[in-house]
Every structure is written in C-alpha cells, then in structure tokens.
file data_2.cif (mmCIF, C-alpha atoms)
data_final
#
loop_
_atom_site.label_atom_id
_atom_site.label_comp_id
_atom_site.auth_asym_id
_atom_site.auth_seq_id
_atom_site.Cartn_x
_atom_site.Cartn_y
_atom_site.Cartn_z
CA MET H 1 16.51 -4.20 16.46
CA LYS H 2 13.00 -3.70 17.86
CA LEU H 3 9.53 -3.73 16.28
CA MET H 4 6.67 -1.56 17.44
CA THR H 5 3.13 -1.18 16.11
CA GLY H 6 0.07 0.97 16.56
CA ASN H 7 -3.54 -0.10 16.08
CA SER H 8 -3.85 0.27 12.31
CA ASN H 9 -2.70 -3.19 11.18
CA LYS H 10 -1.75 -5.50 14.03
CA PRO H 11 -2.06 -8.74 11.97
CA LEU H 12 0.57 -7.50 9.49
CA ALA H 13 2.89 -6.39 12.33
CA ALA H 14 2.51 -9.80 13.99
CA ALA H 15 3.31 -11.58 10.70
CA ILE H 16 6.44 -9.43 10.24
CA ALA H 17 7.52 -10.18 13.82
CA ASP H 18 7.04 -13.92 13.22
CA TYR H 19 9.12 -13.76 10.03
CA ILE H 20 12.00 -11.89 11.67
CA GLU H 21 11.59 -13.94 14.87
CA ILE H 22 11.59 -10.83 17.08
CA PRO H 23 8.65 -10.13 19.45
CA LEU H 24 6.77 -6.87 19.15
CA THR H 25 7.83 -4.24 21.68
CA ASP H 26 5.55 -4.07 24.70
CA ALA H 27 3.75 -0.74 24.38
CA SER H 28 0.32 0.80 24.94
CA VAL H 29 -1.29 2.90 22.22
CA ARG H 30 -4.66 3.97 23.55
CA ARG H 31 -7.08 6.88 23.86
CA PHE H 32 -7.98 9.28 26.63
CA ALA H 33 -11.68 9.91 27.23
CA ASP H 34 -11.63 12.80 24.75
CA GLU H 35 -10.01 10.57 22.06
CA GLU H 36 -6.51 12.05 22.43
CA VAL H 37 -3.84 9.47 21.59
CA PHE H 38 -1.60 8.29 24.42
CA VAL H 39 1.50 6.12 23.92
CA GLU H 40 3.52 4.41 26.63
CA ILE H 41 6.49 2.11 25.94
CA HIS H 42 6.93 -0.55 28.61
CA GLU H 43 10.48 -1.67 27.85
CA ASN H 44 13.89 -0.09 27.33
CA VAL H 45 14.59 1.14 23.77
CA ARG H 46 17.66 3.28 24.49
CA GLY H 47 20.22 2.89 21.71
CA GLU H 48 17.95 0.52 19.74
CA ASP H 49 17.17 0.41 16.02
CA VAL H 50 13.35 0.65 16.14
CA PHE H 51 10.89 0.00 13.30
CA VAL H 52 7.41 1.49 13.79
CA ILE H 53 4.83 -0.38 11.69
CA GLN H 54 1.74 1.71 11.00
CA SER H 55 -0.40 2.15 7.87
CA THR H 56 -2.18 5.49 7.65
CA ALA H 57 -5.43 4.10 6.26
CA TYR H 58 -8.96 4.67 7.60
CA PRO H 59 -9.34 6.24 10.11
CA THR H 60 -6.48 8.08 8.44
CA ASN H 61 -6.05 10.99 10.82
CA ASP H 62 -6.19 8.78 13.94
CA ASN H 63 -3.62 6.35 12.54
CA LEU H 64 -1.37 9.21 11.42
CA MET H 65 -1.46 10.76 14.90
CA GLU H 66 -0.63 7.37 16.44
CA LEU H 67 2.40 7.11 14.16
CA LEU H 68 3.63 10.62 14.99
CA ILE H 69 3.20 10.17 18.73
CA MET H 70 4.90 6.74 18.71
CA ILE H 71 7.87 8.29 16.90
CA ASP H 72 7.99 11.15 19.41
CA ALA H 73 7.83 8.70 22.34
CA LEU H 74 10.72 6.67 20.88
CA LYS H 75 12.76 9.82 20.23
CA ARG H 76 12.34 10.94 23.82
CA ALA H 77 13.24 7.42 25.00
CA SER H 78 16.63 7.79 23.23
CA ALA H 79 16.11 5.23 20.46
CA LYS H 80 19.21 5.18 18.25
CA ARG H 81 17.34 5.13 14.92
CA ILE H 82 13.62 5.22 14.15
CA THR H 83 12.27 3.86 10.86
CA ALA H 84 8.64 4.61 10.05
CA VAL H 85 7.31 1.53 8.23
CA VAL H 86 4.20 2.83 6.45
CA PRO H 87 2.87 0.05 4.17
CA TYR H 88 0.04 2.32 3.00
CA PHE H 89 0.94 6.01 2.92
CA GLY H 90 -2.23 8.08 3.37
CA TYR H 91 -2.73 11.41 1.62
CA ALA H 92 -0.51 10.14 -1.22
CA ARG H 93 -3.11 11.04 -3.84
CA GLN H 94 -2.69 14.71 -2.93
CA ASP H 95 0.82 14.88 -4.36
CA ARG H 96 0.40 17.97 -6.56
CA LYS H 97 -1.87 20.99 -7.07
CA PRO H 98 -4.64 19.89 -9.47
CA GLY H 99 -6.21 23.32 -9.26
CA PRO H 100 -5.80 26.74 -7.65
CA ARG H 101 -5.81 27.07 -3.85
CA THR H 102 -5.42 23.34 -3.15
CA PRO H 103 -2.89 21.73 -0.78
CA ILE H 104 -0.08 19.29 -1.43
CA SER H 105 -0.98 17.16 1.57
CA ALA H 106 1.52 14.38 0.82
CA LYS H 107 4.34 16.87 1.36
CA LEU H 108 2.74 18.09 4.60
CA VAL H 109 2.52 14.52 5.94
CA ALA H 110 6.15 13.91 4.93
CA ASN H 111 7.15 17.01 6.91
CA LEU H 112 5.15 15.84 9.94
CA ILE H 113 6.81 12.40 9.99
CA THR H 114 10.27 13.96 9.62
CA THR H 115 9.64 16.62 12.28
CA ALA H 116 8.29 13.99 14.70
CA GLY H 117 11.74 12.40 14.65
CA ALA H 118 11.77 9.58 12.08
CA ASP H 119 15.24 8.86 10.67
CA ARG H 120 14.03 6.97 7.59
CA VAL H 121 10.82 5.75 5.95
CA LEU H 122 9.88 2.41 4.41
CA SER H 123 6.73 2.19 2.29
CA VAL H 124 5.11 0.02 -0.38
CA ASP H 125 3.91 1.19 -3.80
CA LEU H 126 3.66 4.91 -3.17
CA HIS H 127 0.93 6.40 -5.33
CA ALA H 128 3.47 8.68 -6.98
CA GLY H 129 7.22 8.06 -7.05
CA GLN H 130 8.03 11.72 -6.47
CA ILE H 131 6.69 11.44 -2.89
CA GLN H 132 10.09 9.95 -2.01
CA GLY H 133 11.51 13.40 -2.77
CA PHE H 134 9.08 15.04 -0.33
CA PHE H 135 11.11 13.53 2.53
CA ASP H 136 14.44 15.00 3.65
CA ILE H 137 15.38 11.61 5.14
CA PRO H 138 16.22 8.32 3.39
CA THR H 139 13.10 6.68 1.91
CA ASP H 140 12.72 3.15 0.55
CA ASN H 141 9.71 2.44 -1.66
CA LEU H 142 9.11 -1.29 -2.08
CA TYR H 143 7.04 -2.83 -4.88
CA ALA H 144 4.42 -5.54 -4.53
CA ALA H 145 4.90 -6.62 -8.17
CA PRO H 146 7.20 -9.59 -7.30
CA VAL H 147 4.58 -10.98 -4.91
CA MET H 148 1.78 -10.43 -7.45
CA SER H 149 3.68 -11.90 -10.39
CA GLU H 150 4.39 -15.11 -8.45
CA ASP H 151 0.70 -15.46 -7.62
CA ILE H 152 -0.35 -14.79 -11.24
CA LYS H 153 2.10 -17.38 -12.58
CA ALA H 154 0.88 -19.96 -10.06
CA ARG H 155 -2.79 -19.45 -10.92
CA PHE H 156 -3.00 -18.30 -14.52
CA SER H 157 0.08 -19.69 -16.28
CA ASP H 158 -2.17 -21.60 -18.72
CA LYS H 159 -4.03 -18.45 -19.79
CA ASN H 160 -3.37 -16.11 -22.72
CA LEU H 161 -2.38 -13.23 -20.46
CA MET H 162 -2.54 -9.50 -21.13
CA VAL H 163 -1.68 -6.87 -18.51
CA VAL H 164 -4.03 -3.87 -18.49
CA SER H 165 -3.49 -0.47 -16.91
CA PRO H 166 -6.81 1.08 -15.80
CA ASP H 167 -5.52 4.55 -16.73
CA VAL H 168 -2.66 6.24 -18.56
CA GLY H 169 -0.92 7.16 -15.29
CA GLY H 170 -0.43 3.50 -14.35
CA VAL H 171 1.35 2.42 -17.54
CA VAL H 172 4.80 2.22 -15.91
CA ARG H 173 3.43 -0.03 -13.15
CA ALA H 174 1.63 -2.23 -15.69
CA ARG H 175 4.70 -2.48 -17.92
CA SER H 176 6.82 -3.55 -14.94
CA LEU H 177 4.38 -6.38 -14.14
CA ALA H 178 4.13 -7.39 -17.80
CA LYS H 179 7.92 -7.71 -17.94
CA ARG H 180 7.83 -10.08 -14.97
CA LEU H 181 5.17 -12.15 -16.73
CA ASP H 182 7.52 -13.09 -19.59
CA ASN H 183 6.88 -9.82 -21.43
CA ALA H 184 3.10 -10.23 -21.65
CA PRO H 185 1.38 -7.72 -23.99
CA LEU H 186 0.00 -4.48 -22.56
CA ALA H 187 -3.29 -2.63 -22.98
CA ILE H 188 -4.47 0.69 -21.56
CA VAL H 189 -7.94 1.83 -20.52
CA ASP H 190 -8.50 5.44 -21.49
CA LYS H 191 -10.78 6.95 -18.87
CA ARG H 192 -12.10 10.37 -17.97
CA ARG H 193 -12.54 11.45 -14.36
CA GLU H 194 -14.98 14.33 -13.99
CA ARG H 195 -14.79 14.38 -10.18
CA PRO H 196 -12.99 12.42 -7.44
CA GLY H 197 -14.31 8.88 -7.05
CA GLU H 198 -16.10 8.80 -10.42
CA SER H 199 -14.66 7.72 -13.76
CA GLU H 200 -15.93 6.88 -17.24
CA VAL H 201 -14.21 4.54 -19.68
CA MET H 202 -13.76 6.22 -23.07
CA ASN H 203 -11.96 3.50 -25.05
CA ILE H 204 -9.41 0.69 -24.79
CA ILE H 205 -5.97 1.01 -26.36
CA GLY H 206 -4.93 -2.48 -27.46
CA ASP H 207 -6.66 -5.65 -28.70
CA VAL H 208 -7.94 -7.63 -25.70
CA SER H 209 -10.12 -10.05 -27.68
CA GLY H 210 -9.60 -13.62 -26.47
CA ARG H 211 -7.15 -12.48 -23.79
CA PHE H 212 -7.25 -13.13 -20.05
CA CYS H 213 -6.77 -9.62 -18.67
CA ILE H 214 -4.85 -8.73 -15.50
CA LEU H 215 -5.84 -5.24 -14.31
CA ILE H 216 -3.09 -3.74 -12.17
CA ASP H 217 -3.34 -0.67 -9.92
CA ASP H 218 -1.81 0.61 -6.67
CA ILE H 219 -5.00 1.71 -4.87
CA VAL H 220 -8.59 0.47 -5.06
CA ASP H 221 -10.80 2.93 -3.21
CA SER H 222 -14.41 3.08 -4.39
CA ALA H 223 -13.61 0.38 -7.02
CA GLY H 224 -15.54 2.32 -9.65
CA THR H 225 -12.58 2.57 -12.02
CA LEU H 226 -11.78 -1.16 -11.82
CA CYS H 227 -15.40 -2.27 -12.24
CA ASN H 228 -15.98 0.03 -15.21
CA ALA H 229 -12.71 -1.11 -16.78
CA ALA H 230 -13.63 -4.79 -16.27
CA ALA H 231 -17.01 -4.27 -17.93
CA ALA H 232 -15.38 -2.49 -20.89
CA LEU H 233 -12.78 -5.25 -21.28
CA LYS H 234 -15.47 -7.95 -21.27
CA GLU H 235 -17.44 -6.02 -23.89
CA ALA H 236 -14.28 -5.82 -25.99
CA GLY H 237 -14.01 -9.62 -26.01
CA ALA H 238 -11.74 -10.41 -23.05
CA GLU H 239 -11.87 -14.02 -21.92
CA GLY H 240 -11.82 -12.99 -18.27
CA VAL H 241 -10.70 -10.14 -16.02
CA VAL H 242 -8.85 -10.31 -12.69
CA ALA H 243 -7.61 -7.23 -10.81
CA TYR H 244 -4.49 -6.97 -8.64
CA CYS H 245 -4.16 -3.91 -6.39
CA THR H 246 -1.61 -3.25 -3.66
CA HIS H 247 -3.75 -1.19 -1.29
CA GLY H 248 -7.35 -2.23 -0.69
CA VAL H 249 -8.85 0.97 0.72
CA LEU H 250 -12.34 -0.26 -0.29
CA SER H 251 -14.36 2.64 1.07
CA GLY H 252 -18.13 3.03 0.93
CA GLY H 253 -19.88 0.40 -1.16
CA ALA H 254 -16.69 -0.81 -2.86
CA VAL H 255 -16.98 -4.43 -1.70
CA ALA H 256 -20.58 -4.74 -2.90
CA ARG H 257 -19.59 -3.07 -6.19
CA VAL H 258 -16.82 -5.63 -6.76
CA GLU H 259 -19.15 -8.52 -5.94
CA LYS H 260 -21.61 -7.40 -8.64
CA SER H 261 -18.96 -6.52 -11.24
CA ALA H 262 -17.54 -8.36 -14.25
CA LEU H 263 -14.36 -9.01 -12.26
CA GLU H 264 -13.69 -12.66 -11.57
CA GLU H 265 -11.49 -11.75 -8.62
CA LEU H 266 -9.89 -8.79 -6.88
CA VAL H 267 -6.55 -9.56 -5.21
CA ILE H 268 -5.20 -7.08 -2.68
CA THR H 269 -2.30 -7.17 -0.22
CA ASP H 270 -2.57 -6.89 3.56
CA SER H 271 -1.01 -3.41 3.62
CA ILE H 272 -4.29 -2.19 5.14
CA GLY H 273 -5.88 -3.99 8.07
CA ASN H 274 -9.42 -4.29 6.72
CA HIS H 275 -9.77 -8.07 7.03
CA GLU H 276 -13.21 -7.84 8.64
CA VAL H 277 -14.57 -5.72 5.78
CA ILE H 278 -13.78 -8.31 3.13
CA SER H 279 -14.12 -11.50 5.21
CA LYS H 280 -17.54 -12.25 3.69
CA ALA H 281 -16.64 -11.18 0.14
CA GLN H 282 -16.54 -13.98 -2.41
CA LYS H 283 -14.44 -12.19 -5.02
CA ILE H 284 -11.75 -10.54 -2.86
CA ARG H 285 -8.57 -12.31 -1.77
CA HIS H 286 -5.53 -11.27 0.30
CA LEU H 287 -1.84 -11.66 -0.53
CA THR H 288 0.60 -11.01 2.29
CA ILE H 289 3.53 -8.61 1.94
CA ALA H 290 4.84 -9.44 5.42
CA PRO H 291 7.90 -11.37 4.11
CA LEU H 292 8.72 -8.52 1.68
CA LEU H 293 8.58 -5.87 4.43
CA ALA H 294 10.34 -8.08 6.96
CA GLU H 295 13.22 -8.80 4.62
CA ALA H 296 13.60 -5.09 3.80
CA MET H 297 13.60 -4.22 7.52
CA ARG H 298 16.20 -6.89 8.24
CA ARG H 299 18.44 -5.52 5.48
CA ILE H 300 18.06 -1.94 6.71
CA ALA H 301 19.07 -3.05 10.21
CA GLU H 302 22.09 -4.93 8.84
CA GLU H 303 23.03 -2.07 6.46
CA ALA H 304 22.60 -4.41 3.48
CA SER H 305 21.15 -3.71 0.01
CA VAL H 306 17.40 -3.20 -0.19
CA SER H 307 17.27 -2.58 -3.94
CA SER H 308 18.06 -6.24 -4.67
CA LEU H 309 14.56 -7.05 -3.41
CA PHE H 310 13.21 -5.41 -6.56
CA ASP H 311 14.92 -7.91 -8.85
#
call {"tool": "encode", "arguments": {"input": "data_2.cif", "output": "structure tokens"}}
result
Amino acid sequence: MKLMTGNSNKPLAAAIADYIEIPLTDASVRRFADEEVFVEIHENVRGEDVFVIQSTAYPTNDNLMELLIMIDALKRASAKRITAVVPYFGYARQDRKPGPRTPISAKLVANLITTAGADRVLSVDLHAGQIQGFFDIPTDNLYAAPVMSEDIKARFSDKNLMVVSPDVGGVVRARSLAKRLDNAPLAIVDKRRERPGESEVMNIIGDVSGRFCILIDDIVDSAGTLCNAAAALKEAGAEGVVAYCTHGVLSGGAVARVEKSALEELVITDSIGNHEVISKAQKIRHLTIAPLLAEAMRRIAEEASVSSLFD
C-alpha cells in the first residue's frame, strides 16, 4: 500500500499518512514554465496498491489535471491498483441538465478519471448520490455526518437542538444527521434561487422558536444561502444558529459574509486545503476527516467492509 498526493491538500494527505503510519510516496508534482503539469515518481510502485489523494477544489482545473497526470504516471509505472481519493469532487454541482444546451460536467470528469487509469474512487459527501453511477469503476462515497454528530454532541448536548436543511434538496442529509442526534426534530428552509450563487429565503417549514438550530449542508461556496437562512431562523425565534458543512469552498467574499452574519459558527471539514483563507476568521472552525478517509483506505487495501464506517 502506498500513498501519493498532489498540491491541492498536502496537510490532509500528511494527516492520513500519519494515521495509517505509512510515509507519502516520494514524487514531484510541479509546473513547466508554461504552467503544464509535470509528475515524476521517485520510488518503485510496480505491483503496489496506490492511493492518490487530491481534492479538485480551487484552482479546480489545475488540481484536476494534477490528479489525471498522477494516475497516468502510476499506470505507466505498473501500479497494481490505483484508487483516486477525491475528498472534494469538483464539478459535482453540474450533475444534470438544468436547461437546454448545458453540459453534465460531473459525468465528463468521471469519464476523465476512469480513462486516465483509476481502478476505483473514494470521495466524501458527493453533492448528488447519482454521481456514483457516472463512474464505470467501483466508487465509495463516505459521509462526514458521524464526525459532525460527535462534535455537535460534545459541544451542544445541553441545547434544545433542531436540525435544519437550508433547502428542500438537502432533506435526506439533514434527516440522517437528525437521526444521529437522538432523532432531533427537523425543519426546512424554503428558498428560491434565481441565478447561481444567489438565493432568497421564502419561508421556514417547521417551528424553530426557542430551538438551537444546526444548519447542515454539503458545500458552502459563497455562503449566501447559509447566511440568509441563519437570518431567517433568528427572525423566526431561534435561540442560536450554527452551520456544519462538509466542503468549505468559501469563494469570493464568503468568509467576510460569514463573519458579519447571524451564524454563531461555521464548522467545515478539511476536505479542501484552504487553511490560510480562514486562519484569521473568528467564526469558522475545522474538523478533520483524515481518520475517516484513512480507515476507509485501510479497509479497501485489506479488502474489508467500508460500509460499516457509515454506522
């Protein structure tokens, strides 16, 4: 078993390596003068079970090309099996045709990873479950809910909790977390999105008065949806609002927006290596998913059950 990483999230890869107690493979992933990606592996990987750890977050296209070229390099170096470990799967929000003459980019990226030579894929909280079906190779989609629920119980066990989905599409995710929190009640924010990146809260389904609300989502990008939802929940009488999101994309002025919002705290995982962006933020905190990913990778290597991690 060998671990290899690109430049997208080296701290997470190092944490996984520490957990499994296997050093990262010695390799160079760098750029030519014209920004072309060049990969060189400095140790023998012939016949090895190799896990390539690379999130395809900003800069998305650069990180995606690094992943594809690392897989190709391993394939040509006769690695026995290559698993693409993609904690954050970019282009996942383009999983269907929302209008005429638009692409399904998630399927295209799945084809690229498969064609490059990956034998299986490991990801965390895919934006849409059907993306697993876009791959023609085995795909494991892990959930950050167990990590989040443990943190919520440790910090807010004395609160009158209510789990809130920021939109109708996230109800299944919210219900799963609510079940882990001793069947906490569930509320839904009904929103309208006129254009990408902008949303308007229409009404709240459920009585949040006097409740401590836990907003749950998979991706926080511009943070507009979460901040608007938090304001609406406070207006509806919520005692407090905390948001838990797996992937902290946090593009544009998202960090400043969170700092000024009604949110008491935004908790994200380290699936994306943006530690410098949020290092000065007062309201944003990291949870690590390194043990979750490391345990899944160990089980894949040992041909053991991965689904038991969801329990």
call {"tool": "closest_residue", "arguments": {"input": "data_2.cif", "among": "H:Ala77, H:Val255, H:Leu3, H:Val124", "to": "Leu293 in chain H", "atoms": "only C-alpha atoms"}}
result
H:Val124
call {"tool": "resolve_selection", "arguments": {"input": "data_2.cif", "expression": "the PyMOL selection byres ((chain H and resi 268-284) around 7)", "output": "PDB file with C-alpha atoms, in the coordinates of the input"}}
result
ATOM      1  CA  SER H   8      -3.850   0.270  12.310  1.00  0.00           C
ATOM      2  CA  ASN H   9      -2.700  -3.190  11.180  1.00  0.00           C
ATOM      3  CA  LEU H  12       0.570  -7.500   9.490  1.00  0.00           C
ATOM      4  CA  SER H  55      -0.400   2.150   7.870  1.00  0.00           C
ATOM      5  CA  ALA H  57      -5.430   4.100   6.260  1.00  0.00           C
ATOM      6  CA  PRO H  87       2.870   0.050   4.170  1.00  0.00           C
ATOM      7  CA  TYR H  88       0.040   2.320   3.000  1.00  0.00           C
ATOM      8  CA  TYR H 244      -4.490  -6.970  -8.640  1.00  0.00           C
ATOM      9  CA  CYS H 245      -4.160  -3.910  -6.390  1.00  0.00           C
ATOM     10  CA  THR H 246      -1.610  -3.250  -3.660  1.00  0.00           C
ATOM     11  CA  HIS H 247      -3.750  -1.190  -1.290  1.00  0.00           C
ATOM     12  CA  GLY H 248      -7.350  -2.230  -0.690  1.00  0.00           C
ATOM     13  CA  VAL H 255     -16.980  -4.430  -1.700  1.00  0.00           C
ATOM     14  CA  GLU H 259     -19.150  -8.520  -5.940  1.00  0.00           C
ATOM     15  CA  GLU H 264     -13.690 -12.660 -11.570  1.00  0.00           C
ATOM     16  CA  GLU H 265     -11.490 -11.750  -8.620  1.00  0.00           C
ATOM     17  CA  LEU H 266      -9.890  -8.790  -6.880  1.00  0.00           C
ATOM     18  CA  VAL H 267      -6.550  -9.560  -5.210  1.00  0.00           C
ATOM     19  CA  ARG H 285      -8.570 -12.310  -1.770  1.00  0.00           C
ATOM     20  CA  HIS H 286      -5.530 -11.270   0.300  1.00  0.00           C
ATOM     21  CA  LEU H 287      -1.840 -11.660  -0.530  1.00  0.00           C
ATOM     22  CA  THR H 288       0.600 -11.010   2.290  1.00  0.00           C
ATOM     23  CA  ILE H 289       3.530  -8.610   1.940  1.00  0.00           C
TER      24      ILE H 289
END
call {"tool": "residues_near_point", "arguments": {"input": "data_2.cif", "point": "(3.5, 9.5, 16.2)", "cutoff": "12 Å", "atoms": "all atoms listed in the file", "output": "JSON, numbers by chain"}}
result
{"H": [4, 5, 6, 7, 29, 37, 38, 39, 40, 52, 53, 54, 55, 56, 61, 62, 63, 64, 65, 66, 67, 68, 69, 70, 71, 72, 73, 74, 75, 76, 82, 83, 84, 85, 86, 109, 112, 113, 114, 115, 116, 117, 118]}
call {"tool": "residues_around", "arguments": {"input": "data_2.cif", "residues": "Ala174 in chain H", "least_positions_apart": "2", "cutoff": "8 Å", "atoms": "all atoms listed in the file", "output": "ChimeraX atom specification"}}
result
/H:163-165,170-172,176-178,186,216-217
call {"tool": "closest_residue", "arguments": {"input": "data_2.cif", "among": "H:Ala27, H:Ala184, H:Ala15, H:Cys213", "to": "His42 in chain H", "atoms": "all atoms listed in the file"}}
result
H:Ala27
call {"tool": "resolve_selection", "arguments": {"input": "data_2.cif", "expression": "the PyMOL selection byres ((chain H and resi 129) around 12)", "output": "list in words"}}
result
Phe89, Ala92, Arg93, Asp95, Ala106, Ser123, Val124, Asp125, Leu126, His127, Ala128, Gln130, Ile131, Gln132, Gly133, Phe134, Phe135, Thr139, Asp140, Asn141, Leu142, Tyr143, Gly169, Gly170, Val172, Arg173 and Asp218 of chain H
call {"tool": "write_last_selection", "arguments": {"input": "data_2.cif", "atoms": "C-alpha atoms", "output": "tab-separated table (two decimals), keeping the file's coordinate frame"}}
result
chain	number	residue	atom	x	y	z
H	89	PHE	CA	0.94	6.01	2.92
H	92	ALA	CA	-0.51	10.14	-1.22
H	93	ARG	CA	-3.11	11.04	-3.84
H	95	ASP	CA	0.82	14.88	-4.36
H	106	ALA	CA	1.52	14.38	0.82
H	123	SER	CA	6.73	2.19	2.29
H	124	VAL	CA	5.11	0.02	-0.38
H	125	ASP	CA	3.91	1.19	-3.80
H	126	LEU	CA	3.66	4.91	-3.17
H	127	HIS	CA	0.93	6.40	-5.33
H	128	ALA	CA	3.47	8.68	-6.98
H	130	GLN	CA	8.03	11.72	-6.47
H	131	ILE	CA	6.69	11.44	-2.89
H	132	GLN	CA	10.09	9.95	-2.01
H	133	GLY	CA	11.51	13.40	-2.77
H	134	PHE	CA	9.08	15.04	-0.33
H	135	PHE	CA	11.11	13.53	2.53
H	139	THR	CA	13.10	6.68	1.91
H	140	ASP	CA	12.72	3.15	0.55
H	141	ASN	CA	9.71	2.44	-1.66
H	142	LEU	CA	9.11	-1.29	-2.08
H	143	TYR	CA	7.04	-2.83	-4.88
H	169	GLY	CA	-0.92	7.16	-15.29
H	170	GLY	CA	-0.43	3.50	-14.35
H	172	VAL	CA	4.80	2.22	-15.91
H	173	ARG	CA	3.43	-0.03	-13.15
H	218	ASP	CA	-1.81	0.61	-6.67
call {"tool": "atom_distance", "arguments": {"input": "data_2.cif", "atom1": "CA of Ile137 in chain H", "atom2": "CA of Pro98 in chain H"}}
result
26.1 Å
call {"tool": "closest_residue", "arguments": {"input": "data_2.cif", "among": "H:Val208, H:Ala254, H:Leu215, H:Ala144", "to": "Glu239 in chain H", "atoms": "all atoms listed in the file"}}
result
H:Val208
call {"tool": "closest_residue", "arguments": {"input": "data_2.cif", "among": "H:Leu108, H:Val189, H:Met297, H:Leu233", "to": "Tyr19 in chain H", "atoms": "all atoms listed in the file"}}
result
H:Met297
call {"tool": "resolve_selection", "arguments": {"input": "data_2.cif", "expression": "the PyMOL selection byres ((chain H and resi 232) around 12)", "output": "MDAnalysis selection string"}}
result
chainID H and resid 164 166 188:191 200:205 208:209 213 215 225:231 233:238 240:241 261:263
call {"tool": "atom_distance", "arguments": {"input": "data_2.cif", "atom1": "CA of Ser28 in chain H", "atom2": "CA of Pro138 in chain H"}}
result
27.8 Å
call {"tool": "atom_distance", "arguments": {"input": "data_2.cif", "atom1": "CA of Ala290 in chain H", "atom2": "CA of Ile16 in chain H"}}
result
5.1 Å
call {"tool": "closest_residue", "arguments": {"input": "data_2.cif", "among": "H:Leu122, H:Leu161, H:Lys10, H:Ala301", "to": "Glu48 in chain H", "atoms": "all atoms listed in the file"}}
result
H:Ala301
call {"tool": "residues_around", "arguments": {"input": "data_2.cif", "residues": "Leu181 in chain H", "least_positions_apart": "4", "cutoff": "12 Å", "atoms": "all atoms listed in the file", "output": "PDB file with C-alpha atoms, in the frame of the given file"}}
result
ATOM      1  CA  ALA H 145       4.900  -6.620  -8.170  1.00  0.00           C
ATOM      2  CA  PRO H 146       7.200  -9.590  -7.300  1.00  0.00           C
ATOM      3  CA  VAL H 147       4.580 -10.980  -4.910  1.00  0.00           C
ATOM      4  CA  MET H 148       1.780 -10.430  -7.450  1.00  0.00           C
ATOM      5  CA  SER H 149       3.680 -11.900 -10.390  1.00  0.00           C
ATOM      6  CA  GLU H 150       4.390 -15.110  -8.450  1.00  0.00           C
ATOM      7  CA  ASP H 151       0.700 -15.460  -7.620  1.00  0.00           C
ATOM      8  CA  ILE H 152      -0.350 -14.790 -11.240  1.00  0.00           C
ATOM      9  CA  LYS H 153       2.100 -17.380 -12.580  1.00  0.00           C
ATOM     10  CA  ALA H 154       0.880 -19.960 -10.060  1.00  0.00           C
ATOM     11  CA  PHE H 156      -3.000 -18.300 -14.520  1.00  0.00           C
ATOM     12  CA  SER H 157       0.080 -19.690 -16.280  1.00  0.00           C
ATOM     13  CA  LYS H 159      -4.030 -18.450 -19.790  1.00  0.00           C
ATOM     14  CA  ASN H 160      -3.370 -16.110 -22.720  1.00  0.00           C
ATOM     15  CA  LEU H 161      -2.380 -13.230 -20.460  1.00  0.00           C
ATOM     16  CA  MET H 162      -2.540  -9.500 -21.130  1.00  0.00           C
ATOM     17  CA  VAL H 163      -1.680  -6.870 -18.510  1.00  0.00           C
ATOM     18  CA  ALA H 174       1.630  -2.230 -15.690  1.00  0.00           C
ATOM     19  CA  ARG H 175       4.700  -2.480 -17.920  1.00  0.00           C
ATOM     20  CA  SER H 176       6.820  -3.550 -14.940  1.00  0.00           C
ATOM     21  CA  LEU H 177       4.380  -6.380 -14.140  1.00  0.00           C
ATOM     22  CA  PRO H 185       1.380  -7.720 -23.990  1.00  0.00           C
ATOM     23  CA  LEU H 186       0.000  -4.480 -22.560  1.00  0.00           C
ATOM     24  CA  ILE H 214      -4.850  -8.730 -15.500  1.00  0.00           C
TER      25      ILE H 214
END
call {"tool": "closest_residue", "arguments": {"input": "data_2.cif", "among": "H:Asp158, H:Glu35, H:Glu295, H:Asp167", "to": "Leu309 in chain H", "atoms": "all atoms listed in the file"}}
result
H:Glu295
